[in-house]
$ cat upload18.csv   # CSV, C-alpha atoms
chain,number,residue,atom,x,y,z
A,1288,ASP,CA,-7.6,-23.8,28.8
A,1289,LYS,CA,-9.5,-22.9,25.7
A,1290,GLU,CA,-12.4,-20.3,25.7
A,1291,ALA,CA,-15.5,-20.0,23.6
A,1292,PHE,CA,-15.5,-17.4,20.7
A,1293,THR,CA,-17.3,-14.2,21.8
A,1294,PRO,CA,-18.6,-11.1,20.2
A,1295,ASN,CA,-15.7,-9.2,21.6
A,1296,ASP,CA,-13.3,-11.7,19.9
A,1297,LEU,CA,-15.1,-11.1,16.6
A,1298,VAL,CA,-14.8,-7.3,17.0
A,1299,MET,CA,-11.1,-7.4,18.0
A,1300,MET,CA,-9.8,-9.8,15.3
A,1301,GLU,CA,-7.5,-8.1,12.8
A,1302,ARG,CA,-8.9,-7.8,9.3
A,1303,VAL,CA,-6.3,-8.7,6.5
A,1304,SER,CA,-7.2,-7.6,3.0
A,1305,SER,CA,-6.1,-6.1,-0.4
A,1306,PRO,CA,-2.9,-7.9,-1.2
A,1307,GLN,CA,-0.8,-6.4,-4.0
A,1308,LEU,CA,2.3,-8.1,-5.4
A,1309,SER,CA,5.3,-6.0,-6.3
A,1310,PRO,CA,6.4,-5.7,-10.0
A,1311,ASN,CA,9.2,-8.3,-9.3
A,1312,GLY,CA,6.9,-10.6,-7.4
A,1313,LYS,CA,9.2,-10.7,-4.3
A,1314,GLU,CA,7.1,-8.5,-1.9
A,1315,VAL,CA,3.5,-8.0,-1.1
A,1316,ILE,CA,1.7,-5.0,0.5
A,1317,TYR,CA,-1.7,-5.4,2.1
A,1318,LEU,CA,-4.1,-3.7,4.6
A,1319,VAL,CA,-4.6,-4.7,8.2
A,1320,ARG,CA,-7.6,-3.2,10.1
A,1321,GLU,CA,-7.3,-3.2,13.9
A,1322,THR,CA,-10.0,-2.2,16.4
A,1323,PHE,CA,-9.6,0.2,19.3
A,1324,LEU,CA,-12.5,-0.2,21.6
A,1325,ASP,CA,-11.6,2.7,23.8
A,1326,GLU,CA,-11.9,5.0,20.8
A,1327,ASN,CA,-14.8,3.1,19.2
A,1328,LYS,CA,-12.8,3.0,16.0
A,1329,GLY,CA,-11.3,0.7,13.5
A,1330,LYS,CA,-7.9,1.8,12.0
A,1331,ARG,CA,-6.1,0.5,8.9
A,1332,ARG,CA,-2.4,0.4,8.2
A,1333,ILE,CA,-0.4,-0.8,5.2
A,1334,TRP,CA,2.0,-3.7,5.8
A,1335,LEU,CA,4.9,-5.0,3.7
A,1336,HIS,CA,5.9,-8.6,3.6
A,1337,ASN,CA,9.1,-9.9,2.0
A,1338,LEU,CA,8.3,-13.2,0.4
A,1339,ARG,CA,12.0,-14.2,0.3
A,1340,ASN,CA,12.9,-13.8,4.0
A,1341,GLY,CA,9.5,-13.6,5.6
A,1342,GLN,CA,10.1,-10.2,7.2
A,1343,ASN,CA,7.0,-8.3,7.9
A,1344,ARG,CA,6.5,-4.6,8.9
A,1345,PRO,CA,3.9,-1.8,8.9
A,1346,LEU,CA,4.5,1.0,6.4
A,1347,THR,CA,2.0,3.5,7.7
A,1348,ARG,CA,0.9,4.8,11.1
A,1349,PHE,CA,-2.4,4.9,12.8
A,1350,ALA,CA,-2.6,8.7,12.7
A,1351,SER,CA,-4.8,8.4,9.6
A,1352,ASN,CA,-6.4,5.4,7.9
A,1353,ALA,CA,-4.8,4.1,4.7
A,1354,ALA,CA,-6.7,2.5,1.9
A,1355,SER,CA,-6.2,1.1,-1.6
A,1356,PRO,CA,-2.4,0.4,-1.5
A,1357,ARG,CA,-0.8,0.1,-5.0
A,1358,TRP,CA,2.7,-0.4,-6.2
A,1359,SER,CA,4.5,2.2,-8.4
A,1360,ALA,CA,5.5,0.9,-11.8
A,1361,ASP,CA,9.2,0.6,-10.8
A,1362,GLY,CA,8.4,-1.1,-7.4
A,1363,ASN,CA,10.2,1.6,-5.4
A,1364,ALA,CA,7.1,3.3,-3.9
A,1365,VAL,CA,3.6,2.6,-2.6
A,1366,TYR,CA,0.6,4.7,-3.5
A,1367,PHE,CA,-2.5,4.8,-1.2
A,1368,LEU,CA,-5.5,6.8,-0.2
A,1369,SER,CA,-5.5,8.8,3.0
A,1370,ALA,CA,-7.1,11.9,4.6
A,1371,MET,CA,-4.0,12.8,6.6
A,1372,GLY,CA,-3.9,16.1,4.9
A,1373,GLY,CA,-7.4,17.0,5.7
A,1374,SER,CA,-9.2,15.6,2.6
A,1375,MET,CA,-9.1,12.2,1.0
A,1376,GLN,CA,-6.2,12.3,-1.5
A,1377,VAL,CA,-3.6,10.0,-3.0
A,1378,TRP,CA,-0.3,9.7,-1.2
A,1379,ARG,CA,3.1,8.2,-2.1
A,1380,LEU,CA,5.6,6.5,0.2
A,1381,ASP,CA,9.1,5.9,-1.1
A,1382,LEU,CA,10.3,2.6,0.2
A,1383,ARG,CA,13.9,3.8,0.0
A,1384,GLY,CA,13.3,6.3,2.8
A,1385,GLY,CA,11.5,9.4,3.8
A,1386,GLU,CA,7.9,10.3,4.8
A,1387,ALA,CA,4.8,9.9,2.7
A,1388,GLN,CA,4.2,12.7,0.2
A,1389,PRO,CA,0.8,13.9,-1.2
A,1390,VAL,CA,0.4,12.9,-4.9
A,1391,THR,CA,-2.9,14.7,-5.6
A,1392,ASP,CA,-4.0,18.1,-4.3
A,1393,LEU,CA,-7.6,18.3,-5.7
A,1394,PRO,CA,-10.4,20.4,-4.3
A,1395,LEU,CA,-12.7,17.3,-3.9
A,1396,ASP,CA,-12.2,14.0,-2.0
A,1397,VAL,CA,-10.7,11.2,-4.1
A,1398,SER,CA,-12.8,8.1,-4.0
A,1399,GLY,CA,-10.3,5.8,-5.7
A,1400,PHE,CA,-7.6,5.6,-8.3
A,1401,VAL,CA,-5.6,3.5,-10.7
A,1402,LEU,CA,-2.0,3.9,-11.9
A,1403,SER,CA,-0.9,3.7,-15.5
A,1404,PRO,CA,1.5,0.7,-16.1
A,1405,THR,CA,4.0,3.2,-17.5
A,1406,GLY,CA,4.1,5.2,-14.3
A,1407,LYS,CA,3.3,8.4,-16.2
A,1408,GLN,CA,-0.3,9.0,-15.2
A,1409,ILE,CA,-2.8,8.5,-12.5
A,1410,ALA,CA,-6.6,8.2,-13.0
A,1411,VAL,CA,-8.9,9.1,-10.1
A,1412,PHE,CA,-12.6,9.1,-9.6
A,1413,MET,CA,-14.5,11.7,-7.5
A,1414,ASP,CA,-18.1,12.8,-6.9
A,1415,SER,CA,-18.8,16.0,-8.9
A,1416,HIS,CA,-21.6,17.7,-10.8
A,1417,PRO,CA,-21.4,16.5,-14.4
A,1418,ASP,CA,-22.5,19.9,-15.8
A,1419,CYS,CA,-19.7,21.7,-14.0
A,1420,PRO,CA,-16.8,22.9,-16.2
A,1421,ASP,CA,-14.2,22.2,-13.5
A,1422,LEU,CA,-13.8,20.8,-10.0
A,1423,LYS,CA,-13.9,24.3,-8.4
A,1424,CYS,CA,-17.5,24.6,-9.6
A,1425,THR,CA,-18.5,21.5,-7.7
A,1426,LEU,CA,-16.6,22.7,-4.6
A,1427,ALA,CA,-18.5,26.1,-4.8
A,1428,ARG,CA,-21.8,24.3,-5.1
A,1429,ASN,CA,-21.1,22.1,-2.2
A,1430,GLU,CA,-20.1,25.1,0.0
A,1431,GLN,CA,-23.3,26.9,-1.0
A,1432,ALA,CA,-25.4,23.8,-0.1
A,1433,LYS,CA,-23.9,23.8,3.4
A,1434,LYS,CA,-25.2,27.4,3.9
A,1435,GLU,CA,-28.8,26.7,2.8
A,1436,GLN,CA,-31.1,26.5,5.7
A,1437,ALA,CA,-33.9,24.6,3.9
A,1438,THR,CA,-33.6,20.8,4.2
A,1439,GLY,CA,-36.2,19.8,1.6
A,1440,ARG,CA,-35.2,18.3,-1.7
A,1441,ALA,CA,-36.9,18.2,-5.1
A,1442,TYR,CA,-36.6,15.3,-7.4
A,1443,ASP,CA,-37.8,15.0,-11.0
A,1444,ALA,CA,-36.2,11.7,-11.9
A,1445,LEU,CA,-35.1,8.4,-10.3
A,1446,PHE,CA,-32.9,7.6,-8.4
A,1447,LEU,CA,-34.0,9.4,-5.3
A,1448,ARG,CA,-32.0,7.1,-3.2
A,1449,HIS,CA,-29.7,4.3,-4.1
A,1450,TRP,CA,-29.4,1.7,-1.3
A,1451,ASP,CA,-28.1,3.8,1.6
A,1452,GLN,CA,-27.2,7.0,-0.3
A,1453,TRP,CA,-29.5,9.9,-1.2
A,1454,LYS,CA,-28.8,11.3,-4.7
A,1455,ASN,CA,-27.7,14.9,-4.6
A,1456,GLY,CA,-27.1,15.7,-8.3
A,1457,GLN,CA,-23.5,14.5,-8.3
A,1458,ARG,CA,-22.0,11.6,-10.2
A,1459,SER,CA,-18.8,9.7,-9.7
A,1460,GLN,CA,-16.6,11.1,-12.6
A,1461,LEU,CA,-13.3,9.9,-14.0
A,1462,PHE,CA,-10.3,12.3,-14.2
A,1463,ALA,CA,-6.6,11.9,-14.9
A,1464,GLN,CA,-3.3,13.8,-14.2
A,1465,ALA,CA,0.2,13.3,-15.4
A,1466,LEU,CA,2.9,12.1,-13.0
A,1467,ASP,CA,6.2,13.8,-12.9
A,1468,GLU,CA,9.6,12.1,-12.4
A,1469,ARG,CA,8.9,12.1,-8.6
A,1470,GLY,CA,5.6,10.3,-9.1
A,1471,ILE,CA,3.6,13.4,-8.1
A,1472,ALA,CA,0.5,14.5,-10.0
A,1473,THR,CA,1.1,17.7,-12.1
A,1474,GLY,CA,-0.5,19.7,-14.8
A,1475,ASP,CA,-4.1,19.9,-16.0
A,1476,VAL,CA,-6.8,17.7,-14.6
A,1477,LEU,CA,-8.3,15.8,-17.6
A,1478,HIS,CA,-12.0,15.0,-17.4
A,1479,LEU,CA,-12.0,11.6,-19.1
A,1480,SER,CA,-15.7,10.8,-18.6
A,1481,ARG,CA,-16.9,14.3,-19.7
A,1482,GLY,CA,-20.2,14.1,-21.6
A,1483,LEU,CA,-21.4,10.9,-19.9
A,1484,ASN,CA,-24.4,11.2,-17.6
A,1485,ALA,CA,-23.3,8.2,-15.6
A,1486,ASP,CA,-21.3,7.1,-12.5
A,1487,VAL,CA,-17.8,6.0,-13.2
A,1488,PRO,CA,-17.3,3.5,-11.7
A,1489,THR,CA,-20.9,2.3,-11.1
A,1490,LYS,CA,-22.7,2.9,-7.9
A,1491,PRO,CA,-23.2,1.9,-5.2
A,1492,PHE,CA,-20.7,-0.9,-5.1
A,1493,GLY,CA,-18.3,-0.3,-8.0
A,1494,GLY,CA,-14.6,0.5,-7.4
A,1495,ASP,CA,-11.3,0.5,-9.2
A,1496,GLU,CA,-11.9,-3.1,-10.3
A,1497,GLU,CA,-14.1,-1.5,-13.0
A,1498,LEU,CA,-11.1,0.4,-14.4
A,1499,SER,CA,-8.2,-0.9,-16.5
A,1500,TYR,CA,-5.4,0.7,-18.4
A,1501,THR,CA,-3.9,-0.8,-21.6
A,1502,PRO,CA,-0.3,-2.0,-21.0
A,1503,ASP,CA,1.1,1.0,-22.9
A,1504,GLY,CA,-1.0,3.4,-20.9
A,1505,ALA,CA,-2.6,4.9,-24.0
A,1506,HIS,CA,-6.2,4.0,-23.2
A,1507,LEU,CA,-8.4,3.5,-20.2
A,1508,TYR,CA,-11.3,1.1,-20.0
A,1509,PHE,CA,-14.2,1.5,-17.5
A,1510,SER,CA,-17.7,0.4,-16.7
A,1511,ALA,CA,-20.7,2.8,-16.6
A,1512,ARG,CA,-24.5,2.7,-16.7
A,1513,LEU,CA,-25.9,5.6,-18.7
A,1514,ALA,CA,-28.7,7.6,-17.0
A,1515,SER,CA,-32.1,7.3,-18.6
A,1516,ALA,CA,-35.7,7.1,-17.6
A,1517,SER,CA,-35.2,3.4,-16.9
A,1518,GLU,CA,-32.0,3.7,-14.9
A,1519,ALA,CA,-33.6,2.8,-11.5
A,1520,TRP,CA,-34.5,-0.7,-12.8
A,1521,SER,CA,-32.0,-1.2,-15.6
A,1522,THR,CA,-29.0,-3.6,-15.3
A,1523,ASN,CA,-27.5,-2.3,-18.6
A,1524,VAL,CA,-24.0,-1.5,-17.6
A,1525,ASP,CA,-21.6,-1.0,-20.5
A,1526,ILE,CA,-17.8,-1.0,-21.0
A,1527,PHE,CA,-16.3,2.2,-22.4
A,1528,ARG,CA,-12.8,3.0,-23.8
A,1529,VAL,CA,-11.3,6.5,-23.7
A,1530,PRO,CA,-7.8,7.8,-24.7
A,1531,ALA,CA,-5.8,8.5,-21.6
A,1532,ASP,CA,-4.9,12.0,-22.9
A,1533,GLY,CA,-8.6,12.9,-23.2
A,1534,SER,CA,-8.3,13.7,-26.9
A,1535,GLN,CA,-11.5,11.9,-27.7
A,1536,PRO,CA,-14.8,11.2,-25.9
A,1537,PRO,CA,-15.4,7.8,-24.3
A,1538,ARG,CA,-16.7,5.1,-26.8
A,1539,ASN,CA,-19.3,2.5,-25.8
A,1540,LEU,CA,-17.9,-0.9,-26.7
A,1541,THR,CA,-20.8,-3.2,-25.5
A,1542,GLU,CA,-23.8,-1.2,-26.6
A,1543,ALA,CA,-25.3,-4.3,-28.3
A,1544,ASN,CA,-25.7,-6.2,-25.0
A,1545,LEU,CA,-28.6,-4.7,-23.0
A,1546,ALA,CA,-27.5,-6.5,-19.9
A,1547,LEU,CA,-24.5,-5.9,-17.6
A,1548,ASP,CA,-20.9,-5.8,-18.9
A,1549,THR,CA,-18.2,-5.0,-16.3
A,1550,GLN,CA,-14.6,-5.4,-15.0
A,1551,PRO,CA,-12.8,-4.9,-18.3
A,1552,ARG,CA,-9.2,-6.4,-18.2
A,1553,VAL,CA,-6.7,-5.9,-21.1
A,1554,SER,CA,-4.4,-8.9,-21.6
A,1555,PRO,CA,-0.7,-8.5,-20.8
A,1556,ASP,CA,0.2,-8.4,-24.5
A,1557,GLY,CA,-2.3,-5.6,-25.1
A,1558,LYS,CA,-4.2,-7.6,-27.8
A,1559,GLN,CA,-7.3,-8.9,-26.0
A,1560,LEU,CA,-10.0,-7.7,-23.7
A,1561,ALA,CA,-11.7,-9.9,-21.0
A,1562,TRP,CA,-14.7,-8.9,-19.0
A,1563,LEU,CA,-17.7,-10.3,-17.1
A,1564,ALA,CA,-21.2,-10.1,-18.6
A,1565,HIS,CA,-24.8,-11.0,-18.0
A,1566,SER,CA,-27.0,-12.2,-20.9
A,1567,ARG,CA,-30.5,-11.4,-19.6
A,1568,PRO,CA,-31.4,-7.7,-19.4
A,1569,GLY,CA,-33.0,-6.6,-16.2
A,1570,PHE,CA,-32.2,-9.8,-14.3
A,1571,GLU,CA,-29.8,-8.9,-11.5
A,1572,SER,CA,-29.3,-12.6,-10.4
A,1573,ASP,CA,-28.1,-13.7,-13.9
A,1574,ARG,CA,-25.0,-15.8,-14.1
A,1575,LEU,CA,-21.9,-13.8,-14.9
A,1576,ARG,CA,-20.1,-15.1,-18.0
A,1577,LEU,CA,-16.4,-14.9,-18.8
A,1578,MET,CA,-16.0,-13.0,-22.1
A,1579,VAL,CA,-12.9,-12.4,-24.3
A,1580,GLY,CA,-12.8,-10.4,-27.4
A,1581,ASP,CA,-10.7,-7.9,-29.4
A,1582,LEU,CA,-9.7,-4.6,-27.8
A,1583,ASP,CA,-12.9,-3.0,-29.1
A,1584,ALA,CA,-14.9,-6.0,-27.6
A,1585,ALA,CA,-15.6,-7.3,-31.1
A,1586,ASN,CA,-15.5,-11.0,-32.0
A,1587,ALA,CA,-16.4,-11.8,-28.4
A,1588,ARG,CA,-16.8,-15.3,-27.2
A,1589,GLU,CA,-17.7,-16.9,-23.9
A,1590,ILE,CA,-15.0,-18.8,-22.1
A,1591,ALA,CA,-16.1,-22.1,-20.4
A,1592,PRO,CA,-19.8,-21.7,-21.3
A,1593,GLU,CA,-20.7,-25.0,-19.7
A,1594,TRP,CA,-19.1,-24.0,-16.4
A,1595,ASP,CA,-22.1,-23.5,-14.1
A,1596,ARG,CA,-20.5,-20.8,-11.9
A,1597,SER,CA,-20.7,-17.0,-11.7
A,1598,PRO,CA,-17.3,-15.4,-11.5
A,1599,HIS,CA,-17.0,-12.4,-9.1
A,1600,ALA,CA,-13.5,-11.1,-9.8
A,1601,LEU,CA,-11.2,-11.3,-12.8
A,1602,GLN,CA,-7.5,-11.1,-13.6
A,1603,TRP,CA,-5.2,-12.3,-16.4
A,1604,ASP,CA,-2.2,-14.4,-15.5
A,1605,ASP,CA,1.1,-13.0,-16.7
A,1606,ARG,CA,1.3,-15.1,-19.8
A,1607,GLY,CA,-2.2,-14.2,-21.0
A,1608,ARG,CA,-3.2,-17.8,-21.2
A,1609,ASN,CA,-5.5,-18.1,-18.2
A,1610,LEU,CA,-8.1,-16.0,-16.4
A,1611,ILE,CA,-7.9,-16.1,-12.6
A,1612,VAL,CA,-11.3,-15.7,-11.0
A,1613,THR,CA,-13.2,-16.3,-7.8
A,1614,ALA,CA,-16.7,-17.8,-7.8
A,1615,ASN,CA,-19.2,-19.3,-5.3
A,1616,GLU,CA,-19.1,-23.1,-5.2
A,1617,ILE,CA,-21.4,-25.1,-2.8
A,1618,GLY,CA,-21.0,-22.8,0.1
A,1619,GLN,CA,-17.3,-21.9,-0.6
A,1620,HIS,CA,-15.7,-19.1,-2.5
A,1621,PRO,CA,-12.5,-20.5,-4.0
A,1622,LEU,CA,-10.0,-19.3,-6.6
A,1623,PHE,CA,-10.1,-20.8,-10.1
A,1624,SER,CA,-7.9,-20.7,-13.2
A,1625,VAL,CA,-9.8,-20.8,-16.5
A,1626,ALA,CA,-7.9,-21.5,-19.8
A,1627,VAL,CA,-8.7,-19.0,-22.5
A,1628,LYS,CA,-8.0,-21.4,-25.3
A,1629,ASN,CA,-10.2,-24.3,-24.3
A,1630,GLY,CA,-12.2,-23.2,-21.3
A,1631,ARG,CA,-10.6,-25.8,-19.0
A,1632,VAL,CA,-11.4,-24.9,-15.3
A,1633,ARG,CA,-9.0,-25.7,-12.5
A,1634,ARG,CA,-9.9,-25.1,-8.9
A,1635,LEU,CA,-6.8,-23.6,-7.1
A,1636,THR,CA,-7.9,-23.3,-3.4
A,1637,GLU,CA,-9.8,-25.6,-1.0
A,1638,ALA,CA,-12.6,-24.9,1.5
A,1639,GLY,CA,-13.0,-21.3,2.6
A,1640,ASP,CA,-13.5,-17.9,1.1
A,1641,VAL,CA,-10.9,-16.1,-1.1
A,1642,GLY,CA,-11.1,-12.3,-0.9
A,1643,GLY,CA,-8.7,-10.0,-2.6
A,1644,TYR,CA,-5.9,-11.6,-4.6
A,1645,ALA,CA,-2.8,-10.6,-6.7
A,1646,VAL,CA,-1.3,-12.5,-9.6
A,1647,HIS,CA,2.4,-12.6,-10.7
A,1648,ALA,CA,4.4,-14.8,-13.0
A,1649,ASP,CA,5.1,-17.6,-10.6
A,1650,ARG,CA,2.7,-17.0,-7.7
A,1651,ILE,CA,-0.7,-15.8,-6.5
A,1652,VAL,CA,-1.1,-14.2,-3.1
A,1653,TYR,CA,-4.6,-14.1,-1.8
A,1654,ALA,CA,-6.6,-13.4,1.4
A,1655,HIS,CA,-8.3,-16.5,2.7
A,1656,ASP,CA,-10.6,-17.2,5.6
A,1657,THR,CA,-12.6,-20.2,6.9
A,1658,LEU,CA,-15.3,-20.6,9.6
A,1659,ASP,CA,-12.7,-21.0,12.3
A,1660,ARG,CA,-10.0,-18.6,11.1
A,1661,PRO,CA,-10.2,-14.9,10.0
A,1662,ALA,CA,-8.6,-13.9,6.7
A,1663,GLU,CA,-4.8,-14.3,6.4
A,1664,LEU,CA,-2.6,-14.2,3.3
A,1665,PHE,CA,-1.5,-17.3,1.5
A,1666,SER,CA,0.6,-18.0,-1.6
A,1667,ILE,CA,0.2,-20.6,-4.3
A,1668,THR,CA,1.5,-21.1,-7.9
A,1669,PRO,CA,-0.8,-20.3,-10.8
A,1670,ARG,CA,-1.3,-24.0,-11.2
A,1671,GLY,CA,-2.4,-24.5,-7.6
A,1672,GLY,CA,-0.7,-26.9,-5.2
A,1673,THR,CA,-0.1,-26.7,-1.5
A,1674,PRO,CA,-0.7,-23.1,-0.2
A,1675,VAL,CA,2.0,-21.4,1.8
A,1676,ARG,CA,1.0,-19.2,4.8
A,1677,VAL,CA,2.2,-15.6,4.4
A,1678,SER,CA,0.7,-13.6,7.3
A,1679,ARG,CA,-0.1,-14.5,10.9
A,1680,HIS,CA,-1.8,-11.5,12.3
A,1681,THR,CA,-4.6,-13.4,14.1
A,1682,ASP,CA,-2.7,-16.4,15.5
A,1683,LYS,CA,-2.1,-15.0,19.0
A,1684,ARG,CA,-5.8,-14.3,19.5
A,1685,LEU,CA,-6.8,-17.7,18.2
A,1686,GLU,CA,-4.5,-19.6,20.5
A,1687,ARG,CA,-7.0,-19.4,23.4
A,1688,ILE,CA,-10.2,-19.9,21.4
A,1689,ALA,CA,-12.0,-23.2,20.8
A,1690,PHE,CA,-14.4,-23.4,17.9
A,1691,GLY,CA,-17.2,-26.0,17.6
A,1692,GLU,CA,-17.1,-28.4,14.7

$ encode --input "upload18.csv" --output "structure tokens"
Amino acid sequence: DKEAFTPNDLVMMERVSSPQLSPNGKEVIYLVRETFLDENKGKRRIWLHNLRNGQNRPLTRFASNAASPRWSADGNAVYFLSAMGGSMQVWRLDLRGGEAQPVTDLPLDVSGFVLSPTGKQIAVFMDSHPDCPDLKCTLARNEQAKKEQATGRAYDALFLRHWDQWKNGQRSQLFAQALDERGIATGDVLHLSRGLNADVPTKPFGGDEELSYTPDGAHLYFSARLASASEAWSTNVDIFRVPADGSQPPRNLTEANLALDTQPRVSPDGKQLAWLAHSRPGFESDRLRLMVGDLDAANAREIAPEWDRSPHALQWDDRGRNLIVTANEIGQHPLFSVAVKNGRVRRLTEAGDVGGYAVHADRIVYAHDTLDRPAELFSITPRGGTPVRVSRHTDKRLERIAFGE
């Protein structure tokens, strides 16, 4: 009674991604993308899974796509990106009841955001003109560009085009706003990356994984590649630190390394900084190394230098003793735990590909797929062990399908 796997099955399979554990570790939010062939569209909703009783339910509707779900500091609300108000802004859904409310009301589309661990600030990144004094200036330039009938462009420096995006004079810039007692952005918009001729986060593939607050919310770390005559062929990405109140300009912490430095992560106790780094300038295929140093990236040392793998993602465990990373390994993409003290590497998952993951004191929830099963959520302890299935969005479709060995 089984059928072969078809292109239509591939298109229609639900896509599970972006798990985020609640502050108490008892619930997980995540994204599910579903396909609507009659509309020729894919739509994303946020789902909530209770890890104690297994109850599962969608939090958002299909009226507008949701992206980047994140927990509030107190665990009572979920923040996410949506264009339901006409432009892409940050929204907040109180899990105790009520409809989603807009958090930001900015004149430009928000590309991504991170929340301060204290719940008192939100940092967002948006494409804007670096030489503009405020966001309204960029909006005015964009409106003027729409009215121009000429389609030609003049370039006097590279990039002209970065992968699939033409350069138009704008840069991804980092801004911040205070959050009031309701969790809504209020007050002045702080331009935290002012003075840097660089994309924050880096383009074309960088996202909020390149941003990290300190536990006290006082500083923000980010990755950026400064524009120069050699930008188009340079791999020199650096890590910067800036006060969250914008009182000082960003400071370059990894200027000495002329290769890539990225994904800064402050330890839970706020005393150490971890990041990923290349060692060979200009070599895009270099092995990424796990680095740990002081908060200003001084006294840096490589963790597990003999481990012949290149980590792709990086998080601390709650105790600050291990780094949880993903890395390619012989055709698989598992999850690993690397001890900061002695560099001991422990593989946590078996065959298959680990996508997004979230770490809490006693569990890790991760999206995992194999060649005969689309991504679903699983849970393990930080020491590994037998994984526990969390989500089952694709089971019904897989019941009638037979895969070859």

$ residues_around --input "upload18.csv" --residues "segment 1595-1612 of chain A" --least-positions-apart "6" --cutoff "7 Å" --atoms "all atoms listed in the file" --output "VMD selection string"
chain A and resid 1552 1554 to 1555 1574 to 1576 1622 to 1627 1646 to 1648

$ closest_residue --input "upload18.csv" --among "A:Leu1426, A:Leu1445, A:Ala1353, A:Ala1465" --to "Thr1391 of chain A" --atoms "all atoms listed in the file"
A:Ala1465

$ closest_residue --input "upload18.csv" --among "A:Ser1309, A:Thr1681, A:Gln1460, A:Ser1369" --to "Leu1664 of chain A" --atoms "all atoms listed in the file"
A:Thr1681

$ atom_distance --input "upload18.csv" --atom1 "atom CA of Gln1452 of chain A" --atom2 "atom CA of Arg1440 of chain A"
13.9 Å

$ closest_residue --input "upload18.csv" --among "A:Asp1659, A:Gly1672, A:Val1303, A:Asp1325" --to "Ala1689 of chain A" --atoms "only C-alpha atoms"
A:Asp1659

$ closest_residue --input "upload18.csv" --among "A:Asn1539, A:Gln1559, A:Thr1636, A:Ser1351" --to "Gly1580 of chain A" --atoms "all atoms listed in the file"
A:Gln1559

$ closest_atom_pairs --input "upload18.csv" --of "segment 1393-1483 of chain A" --to "segment 1510-1513 of chain A" --cutoff "12 Å" --atoms "all atoms listed in the file" --output "tab-separated table"
residue	atom	partner	partner_atom	distance
A:Arg1458	CA	A:Ala1511	CA	11.0
A:Ser1459	CA	A:Ala1511	CA	9.9
A:Gln1460	CA	A:Ala1511	CA	10.1
A:Leu1461	CA	A:Ala1511	CA	10.6
A:Ser1480	CA	A:Ala1511	CA	9.6
A:Gly1482	CA	A:Leu1513	CA	10.6
A:Leu1483	CA	A:Leu1513	CA	7.1

$ closest_residue --input "upload18.csv" --among "A:Pro1491, A:Pro1621, A:Gly1470, A:Gly1399" --to "Arg1379 of chain A" --atoms "only C-alpha atoms"
A:Gly1470

$ residues_around --input "upload18.csv" --residues "Val1377 of chain A" --least-positions-apart "4" --cutoff "12 Å" --atoms "all atoms listed in the file" --output "number ranges by chain"
A: 1353-1357, 1365-1373, 1387-1393, 1395-1402, 1409-1413, 1464, 1470-1472

$ atom_distance --input "upload18.csv" --atom1 "atom CA of Gly1493 of chain A" --atom2 "atom CA of Tyr1442 of chain A"
24.1 Å

$ closest_residue --input "upload18.csv" --among "A:Arg1302, A:His1478, A:Arg1633, A:Arg1344" --to "Gly1533 of chain A" --atoms "only C-alpha atoms"
A:His1478

$ residues_around --input "upload18.csv" --residues "Ala1587 of chain A" --least-positions-apart "5" --cutoff "9 Å" --atoms "all atoms listed in the file" --output "list in words"
Leu1560, Ala1561, Met1578, Val1579, Gly1580 and Asp1581 of chain A

$ atom_distance --input "upload18.csv" --atom1 "atom CA of Gly1630 of chain A" --atom2 "atom CA of Thr1541 of chain A"
22.2 Å

$ residues_around --input "upload18.csv" --residues "segment 1297-1300 of chain A" --least-positions-apart "4" --cutoff "9 Å" --atoms "all atoms listed in the file" --output "PyMOL selection string"
chain A and resi 1292-1293+1320-1324+1661+1680-1681+1684-1685

$ residues_around --input "upload18.csv" --residues "Ile1651 of chain A" --least-positions-apart "2" --cutoff "9 Å" --atoms "only C-alpha atoms" --output "MDAnalysis selection string"
chainID A and resid 1308 1644:1649 1653 1665:1669 1671

$ build_atoms --input "upload18.csv" --residues "segment 1665-1669 of chain A" --atoms "N, CA, C and O atoms" --output "PDB file, in the coordinates of the input"
ATOM      1  N   PHE A1665      -2.132 -16.080   1.917  1.00  0.00           N
ATOM      2  CA  PHE A1665      -1.500 -17.300   1.500  1.00  0.00           C
ATOM      3  C   PHE A1665      -0.955 -17.145   0.092  1.00  0.00           C
ATOM      4  O   PHE A1665      -1.352 -16.236  -0.644  1.00  0.00           O
ATOM      5  N   SER A1666      -0.051 -18.037  -0.283  1.00  0.00           N
ATOM      6  CA  SER A1666       0.600 -18.000  -1.600  1.00  0.00           C
ATOM      7  C   SER A1666       0.506 -19.371  -2.240  1.00  0.00           C
ATOM      8  O   SER A1666       0.733 -20.383  -1.577  1.00  0.00           O
ATOM      9  N   ILE A1667       0.185 -19.401  -3.537  1.00  0.00           N
ATOM     10  CA  ILE A1667       0.200 -20.600  -4.300  1.00  0.00           C
ATOM     11  C   ILE A1667       0.788 -20.302  -5.698  1.00  0.00           C
ATOM     12  O   ILE A1667       0.946 -19.131  -6.054  1.00  0.00           O
ATOM     13  N   THR A1668       1.079 -21.329  -6.473  1.00  0.00           N
ATOM     14  CA  THR A1668       1.500 -21.100  -7.900  1.00  0.00           C
ATOM     15  C   THR A1668       0.245 -20.953  -8.711  1.00  0.00           C
ATOM     16  O   THR A1668      -0.856 -21.360  -8.300  1.00  0.00           O
ATOM     17  N   PRO A1669       0.358 -20.405  -9.917  1.00  0.00           N
ATOM     18  CA  PRO A1669      -0.800 -20.300 -10.800  1.00  0.00           C
ATOM     19  C   PRO A1669      -1.425 -21.624 -11.202  1.00  0.00           C
ATOM     20  O   PRO A1669      -2.523 -21.649 -11.756  1.00  0.00           O
TER      21      PRO A1669
END
